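Peer 1: Sharing data-v4.txt here; it has compact mmCIF, C-alpha atoms.
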# COMPACT_ATOMS: atom_id res chain seq x y z
CA MET A 799 90.60 65.88 59.42
CA ALA A 800 86.91 65.22 60.14
CA PHE A 801 84.62 67.85 61.61
CA SER A 802 83.28 66.10 64.69
CA VAL A 803 80.20 66.78 66.80
CA ALA A 804 79.60 65.01 70.12
CA MET A 805 76.24 64.82 71.86
CA ALA A 806 75.96 64.72 75.65
CA GLY A 807 73.41 65.32 78.39
CA LYS A 808 71.27 63.85 81.10
CA GLY A 809 69.22 60.77 80.25
CA GLY A 810 65.80 61.33 78.72
CA THR A 811 66.56 64.73 77.20
CA GLY A 812 66.34 63.54 73.60
CA LYS A 813 70.01 63.71 72.67
CA THR A 814 69.84 60.54 70.56
CA THR A 815 66.91 61.89 68.58
CA LEU A 816 68.87 65.09 67.95
CA ALA A 817 71.95 63.07 66.99
CA GLY A 818 69.85 61.28 64.40
CA LEU A 819 68.46 64.56 63.10
CA LEU A 820 72.01 65.91 62.82
CA VAL A 821 72.96 62.93 60.65
CA LYS A 822 69.84 63.61 58.54
CA TYR A 823 70.79 67.29 58.26
CA LEU A 824 74.34 66.54 57.14
CA VAL A 825 73.21 64.03 54.52
CA MET A 826 70.52 66.38 53.17
CA ASN A 827 73.14 69.13 52.85
CA GLN A 828 75.53 66.78 51.05
CA LYS A 829 78.09 66.90 53.84
CA THR A 830 78.87 63.25 53.27
CA PRO A 831 79.92 60.62 54.02
CA VAL A 832 79.05 60.88 57.71
CA LEU A 833 80.26 58.47 60.37
CA ALA A 834 77.56 58.08 63.01
CA VAL A 835 78.86 56.60 66.26
CA ASP A 836 76.68 55.15 69.00
CA ALA A 837 78.99 55.30 72.02
CA ASP A 838 76.23 54.34 74.45
CA SER A 839 76.29 50.76 75.72
CA ASN A 840 72.47 50.99 75.72
CA ALA A 841 72.49 51.52 71.98
CA ASN A 842 69.46 52.94 70.18
CA LEU A 843 70.81 55.39 67.60
CA ASN A 844 70.22 52.71 64.98
CA GLU A 845 66.51 52.75 65.84
CA VAL A 846 66.38 56.52 65.40
CA LEU A 847 68.14 56.12 62.02
CA GLY A 848 66.11 53.07 61.01
CA VAL A 849 69.03 50.71 60.33
CA ARG A 850 69.70 47.19 61.55
CA VAL A 851 72.87 46.42 63.50
CA THR A 852 74.18 42.86 63.55
CA GLU A 853 77.65 43.37 65.06
CA THR A 854 79.13 45.83 67.54
CA LEU A 855 82.66 46.70 68.60
CA GLY A 856 82.06 45.10 71.99
CA GLU A 857 80.94 41.84 70.39
CA ALA A 858 84.01 41.82 68.16
CA ARG A 859 86.24 41.95 71.22
CA GLU A 860 84.23 39.23 72.94
CA ASP A 861 84.70 36.96 69.91
CA MET A 862 88.45 37.43 70.15
CA LYS A 863 88.48 36.76 73.90
CA LYS A 864 86.50 33.55 73.38
CA GLY A 865 89.16 32.23 71.03
CA GLN A 866 87.14 32.51 67.84
CA VAL A 867 90.19 33.63 65.86
CA PRO A 868 90.56 31.39 62.77
CA SER A 869 93.68 29.25 62.54
CA GLY A 870 96.53 31.07 60.83
CA MET A 871 95.11 34.54 61.55
CA THR A 872 96.65 36.88 64.11
CA LYS A 873 94.47 38.56 66.71
CA ASP A 874 95.27 41.97 65.22
CA ILE A 875 94.13 40.94 61.75
CA PHE A 876 91.05 39.24 63.22
CA MET A 877 90.07 42.40 65.11
CA GLU A 878 90.68 44.51 62.01
CA MET A 879 88.31 42.27 60.07
CA LYS A 880 85.65 42.25 62.79
CA LEU A 881 85.80 46.02 63.22
CA GLU A 882 85.28 46.52 59.49
CA GLN A 883 82.31 44.13 59.64
CA SER A 884 80.76 46.17 62.46
CA VAL A 885 80.35 49.23 60.22
CA VAL A 886 76.78 49.46 58.90
CA GLU A 887 76.58 51.22 55.55
CA SER A 888 73.57 53.38 54.69
CA ASP A 889 72.65 56.18 52.29
CA GLY A 890 75.16 58.97 52.89
CA TYR A 891 76.42 57.69 56.23
CA ASP A 892 77.91 54.71 58.05
CA LEU A 893 77.04 53.66 61.59
CA VAL A 894 79.22 51.97 64.17
CA VAL A 895 77.94 50.85 67.58
CA MET A 896 80.07 50.33 70.68
CA GLY A 897 77.68 47.82 72.27
CA GLN A 898 77.88 46.17 75.64
CA PRO A 899 81.19 46.02 77.54
CA GLU A 900 82.99 42.80 78.32
CA GLY A 901 81.89 42.48 81.94
CA ALA A 902 79.45 43.83 84.48
CA GLY A 903 80.39 47.36 85.41
CA CYS A 904 83.53 47.46 83.25
CA TYR A 905 83.58 49.79 80.26
CA CYS A 906 87.31 50.49 79.99
CA ALA A 907 88.27 48.05 77.23
CA ALA A 908 85.16 48.75 75.18
CA ASN A 909 85.82 52.50 75.32
CA THR A 910 89.49 52.06 74.47
CA LEU A 911 88.50 49.99 71.47
CA LEU A 912 86.03 52.66 70.36
CA THR A 913 88.57 55.48 70.83
CA ASN A 914 91.21 53.63 68.82
CA PHE A 915 88.66 52.84 66.13
CA LEU A 916 87.68 56.51 65.81
CA ASP A 917 91.32 57.57 65.64
CA ARG A 918 91.83 55.21 62.73
CA MET A 919 88.60 55.94 60.86
CA GLN A 920 88.25 59.71 61.18
CA ASP A 921 90.28 60.54 58.08
CA ASN A 922 87.79 58.60 55.94
CA TYR A 923 84.86 60.88 56.81
CA PRO A 924 84.46 64.67 56.57
CA TYR A 925 81.88 64.59 59.39
CA ILE A 926 81.53 62.46 62.53
CA VAL A 927 78.55 62.49 64.89
CA VAL A 928 79.04 60.79 68.25
CA ASP A 929 76.03 60.01 70.43
CA ASN A 930 77.45 59.49 73.91
CA GLU A 931 75.90 57.78 76.88
CA ALA A 932 73.92 59.84 79.37
CA GLY A 933 75.70 61.63 82.18
CA MET A 934 79.34 62.60 82.69
CA GLU A 935 81.33 59.36 82.78
CA HIS A 936 82.19 59.34 79.08
CA ILE A 937 83.84 62.74 79.58
CA SER A 938 86.05 61.59 82.44
CA ARG A 939 87.03 58.43 80.54
CA LEU A 940 88.13 60.64 77.63
CA THR A 941 85.94 58.79 75.11
CA THR A 942 84.82 62.20 73.86
CA LYS A 943 87.93 64.14 72.92
CA ASN A 944 89.29 66.35 70.17
CA VAL A 945 85.84 67.31 68.92
CA ASP A 946 84.94 70.50 67.12
CA VAL A 947 81.53 70.96 68.76
CA LEU A 948 80.08 69.55 71.98
CA LEU A 949 76.29 69.80 72.01
CA VAL A 950 74.94 69.32 75.51
CA VAL A 951 71.22 68.57 75.41
CA SER A 952 68.91 69.42 78.29
CA ASP A 953 65.22 69.57 79.00
CA THR A 954 63.74 72.64 80.68
CA SER A 955 64.21 71.34 84.23
CA ARG A 956 66.64 72.99 86.63
CA ARG A 957 68.28 69.59 87.21
CA GLY A 958 68.77 69.04 83.49
CA ILE A 959 70.28 72.50 83.03
CA GLN A 960 72.63 72.03 85.96
CA ALA A 961 73.72 68.62 84.64
CA ALA A 962 74.50 70.22 81.29
CA ILE A 963 76.57 72.93 82.95
CA ARG A 964 78.53 70.33 84.95
CA ILE A 965 79.26 68.33 81.79
CA ASN A 966 80.55 71.44 80.04
CA LYS A 967 82.63 72.46 83.05
CA LEU A 968 84.22 69.01 83.35
CA ALA A 969 85.06 68.99 79.65
CA GLY A 970 86.83 72.32 80.10
CA GLU A 971 88.73 71.23 83.19
CA LEU A 972 90.01 68.05 81.54
CA ASN A 973 91.29 70.01 78.53
CA ILE A 974 90.30 67.25 76.10
CA GLY A 975 90.33 69.32 72.95
CA ILE A 976 86.71 70.49 72.64
CA LYS A 977 86.81 73.63 70.51
CA ARG A 978 83.26 74.90 71.10
CA SER A 979 80.42 73.82 73.33
CA PHE A 980 76.74 74.75 73.33
CA ILE A 981 73.58 73.80 75.13
CA ILE A 982 70.38 72.87 73.32
CA ILE A 983 67.14 73.13 75.27
CA ASN A 984 64.89 70.35 74.05
CA GLN A 985 61.22 69.50 74.55
CA LEU A 986 60.24 73.08 75.41
CA LYS A 987 56.54 73.46 76.23
CA GLU A 988 56.56 77.07 77.35
CA ASP A 989 58.96 80.02 77.46
CA LEU A 990 62.14 79.56 79.49
CA SER A 991 61.81 81.01 82.95
CA ASP A 992 63.90 83.95 84.06
CA THR A 993 65.52 81.65 86.62
CA ILE A 994 66.75 79.24 83.92
CA LEU A 995 67.96 82.11 81.74
CA ALA A 996 69.87 83.56 84.69
CA ILE A 997 71.51 80.18 85.43
CA LEU A 998 72.61 79.86 81.80
CA LYS A 999 73.97 83.40 81.69
CA GLU A 1000 75.99 82.88 84.86
CA SER A 1001 77.40 79.57 83.61
CA GLY A 1002 78.74 81.03 80.38
CA LEU A 1003 77.45 78.02 78.42
CA GLU A 1004 76.16 79.40 75.14
CA LEU A 1005 72.59 78.58 74.14
CA ALA A 1006 72.60 77.22 70.59
CA GLY A 1007 68.83 77.15 70.38
CA ILE A 1008 65.56 75.68 71.53
CA VAL A 1009 63.64 72.70 70.17
CA PRO A 1010 59.93 72.75 71.05
CA SER A 1011 57.95 69.83 72.35
CA ASP A 1012 56.61 68.11 69.26
CA PRO A 1013 53.83 65.49 69.23
CA VAL A 1014 55.24 64.13 65.97
CA VAL A 1015 58.32 62.89 67.85
CA TYR A 1016 56.21 60.99 70.36
CA ASP A 1017 53.99 59.57 67.62
CA PHE A 1018 56.96 58.22 65.67
CA ASP A 1019 58.55 56.80 68.81
CA LEU A 1020 55.32 55.18 69.99
CA ASN A 1021 54.82 53.47 66.65
CA GLY A 1022 58.43 52.36 66.32
CA ARG A 1023 59.12 54.56 63.30
CA PRO A 1024 62.61 56.04 62.79
CA THR A 1025 62.42 59.64 63.92
CA VAL A 1026 64.74 60.73 61.09
CA GLU A 1027 61.77 60.08 58.80
CA MET A 1028 59.78 62.88 60.43
CA PRO A 1029 58.65 65.49 57.87
CA GLU A 1030 60.90 68.51 57.49
CA GLU A 1031 58.01 70.84 58.28
CA SER A 1032 57.53 69.36 61.75
CA ALA A 1033 58.35 71.83 64.51
CA SER A 1034 61.21 69.85 66.05
CA VAL A 1035 62.96 69.16 62.73
CA LYS A 1036 62.74 72.82 61.65
CA ALA A 1037 64.11 74.00 64.99
CA ALA A 1038 66.92 71.42 65.06
CA PHE A 1039 67.98 72.23 61.49
CA GLY A 1040 68.06 75.92 62.36
CA ILE A 1041 70.43 75.16 65.23
CA PHE A 1042 72.66 72.99 63.05
CA ASP A 1043 72.88 75.81 60.50
CA LYS A 1044 74.58 77.88 63.21
CA VAL A 1045 76.92 75.36 64.83
CA VAL A 1046 78.04 73.05 62.01
CA ALA A 1047 80.64 74.37 59.60
As structure tokens, what does this structure read like?
Peer 2:
Amino acid sequence: MAFSVAMAGKGGTGKTTLAGLLVKYLVMNQKTPVLAVDADSNANLNEVLGVRVTETLGEAREDMKKGQVPSGMTKDIFMEMKLEQSVVESDGYDLVVMGQPEGAGCYCAANTLLTNFLDRMQDNYPYIVVDNEAGMEHISRLTTKNVDVLLVVSDTSRRGIQAAIRINKLAGELNIGIKRSFIIINQLKEDLSDTILAILKESGLELAGIVPSDPVVYDFDLNGRPTVEMPEESASVKAAFGIFDKVVA
């Protein structure tokens, strides 16, 4: 059974960057092969990892709906083939992207397809990293379930912290098989205030660690360079790897 880590949090907190760094960490520590999953319809984990995606799970389903199944091939076999083609192979890890849903405002079928795909593929990988969409909806739809570690990423704002606490609380209430959950405070520019520390203590959500604001991240992003290529001595990479040492078996 794969050891799975799911990323969650409010938009703009840097969870996708941290998901990419987690993949980098696992590969560097020979915890391979890794299955990296971009479960956000607004996919950009591939940009963080520096790989090109040509097919997504959502596109595979659209092809089937449009009747692009070759003559003599069943829909099940066609989908099996398309799903295999959607897996992007890289050095030490594979990437699969959910992609856009089949209609405006409807994510149900795309998420069901992703969930079924993960159920089938998880035995092929010792580690799975899932980068979820921002917010709480993926929790309530049960896309994120049966994971070993839920890493909720927040910035230093009160709103971000409260969103992280709500995500963790909802995951607990739904009883969806999350064994451990932590919060990571990202993009820290100064010490956490006593108010934030008090909120975290009251919530019971364990702080895994803090990642400082790092100009190297912004430089790589601005210039379109994969952030996983940041040097290991950069402040954010060192901090993230220290956190992963504690939370990843």
Peer 1: At a cut-off of 10 Å, using all atoms listed in the file, what residues contact Lys967 of chain A? Leave out same-chain residues fewer than 6 positions from it and give the result as a PyMOL selection string.
Peer 2: chain A and resi 961+1001-1003
Peer 1: Could the residues in this selection be saved with C-alpha atoms as an mmCIF file, in the coordinates of the input?
Peer 2:
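Result file is out_20.cif:
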data_model
loop_
_atom_site.group_PDB
_atom_site.id
_atom_site.type_symbol
_atom_site.label_atom_id
_atom_site.label_comp_id
_atom_site.auth_asym_id
_atom_site.auth_seq_id
_atom_site.Cartn_x
_atom_site.Cartn_y
_atom_site.Cartn_z
ATOM 1 C CA ALA A 961 73.720 68.620 84.640
ATOM 2 C CA SER A 1001 77.400 79.570 83.610
ATOM 3 C CA GLY A 1002 78.740 81.030 80.380
ATOM 4 C CA LEU A 1003 77.450 78.020 78.420
#
Peer 1: Could you pull the residues within 12 Å of Ile937 of chain A, counting only C-alpha atoms, minus those fewer than 4 positions along the same chain, as a VMD selection string?
Peer 2: chain A and resid 804 to 807 837 909 930 to 933 941 to 945 948 950 964 to 976
Peer 1: Compare A:Arg850, A:Lys987, A:Lys864, A:Lys999 by their minimum atom-to-atom distance to Ile959 of chain A, counting only C-alpha atoms, and give me the closest one.
Peer 2: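 Looking at the shortest contact to Ile959 of chain A, the residue is A:Lys999.
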Peer 1: Would you mind reading off the distance between atom CA of Ser884 of chain A and atom CA of Gly856 of chain A, one decimal, in Å?
Peer 2: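 Pair atom CA of Ser884 of chain A / atom CA of Gly856 of chain A returns 9.7 Å.
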Peer 1: What is the atom CA of Ile981 of chain A to atom CA of Pro1010 of chain A distance in Å?
Peer 2: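 One can read the atom CA of Ile981 of chain A to atom CA of Pro1010 of chain A distance as 14.3 Å.
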Peer 1: Which residue gives the smallest distance to Asp946 of chain A among A:Val1046, A:Val846, A:Leu881, A:Ala962, with all atoms listed in the file counted?
Peer 2: A:Val1046
